[in-house]
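Data first, discussion second: the structure below is written as structure tokens.
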Amino acid sequence: MGQSFKDLAVWQRSMELTAAVYKLTSAFPASERFGLTNQLRRASVSVPSNIAEGYGRSSRGEYLQFLGNARGSNSEVETQIEIAKMLGFGSIQLLQSTERLCSEVGRMLGAVMKSVRSKSLVPCS
């Protein structure tokens, strides 16, 4: 592992996702401030937060658990973006670019999880 969770490409990309979600939701109706806007923002913040927390844990198992939490939060964001699209909230361009980032982060999380799992199968000397 690198020196810091900040070195992880998946953490960096998930931070971009969070910024994109904040930008997207800034144009949502004021009536959604405590609804979909809040839900989307909280779920997006949870993605890099869980990656960072898992990275700081003491075992691979805990790291995998937090990566799984991050993937779950990423799926929440993906679902909530679909809801926003159905309701006509946000610009089509921002919705699409945020959706692409979300998909990319999901693929990256899957790859990191696979890598961490395979490393745990290597016998210790």
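Quick note on naming: the chains in the structure tokens go A, B, ... in the order shown, residues restart at 1 in each chain, and ligands are numbered from 1 in order of appearance.
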
* Asked: Which of chain A counts as alpha helix (DSSP H) under DSSP, as number ranges by chain please?
  -> A: 9-25, 36-55, 60-87, 92-120

* Would you please work out which residue, of A:Ser75, A:Tyr55, A:Ile83, A:Thr37, is nearest to Leu101 in chain A when using only C-alpha atoms? =>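 Counting only C-alpha atoms, the residue closest to Leu101 in chain A is A:Ser75.
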
* **Residue with smallest distance to Glu76 in chain A - pool A:Asp7, A:Glu99, A:Glu32, A:Glu53, counting only C-alpha atoms** =>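 Once distances to Glu76 in chain A are computed over only C-alpha atoms, the minimum belongs to A:Glu99.
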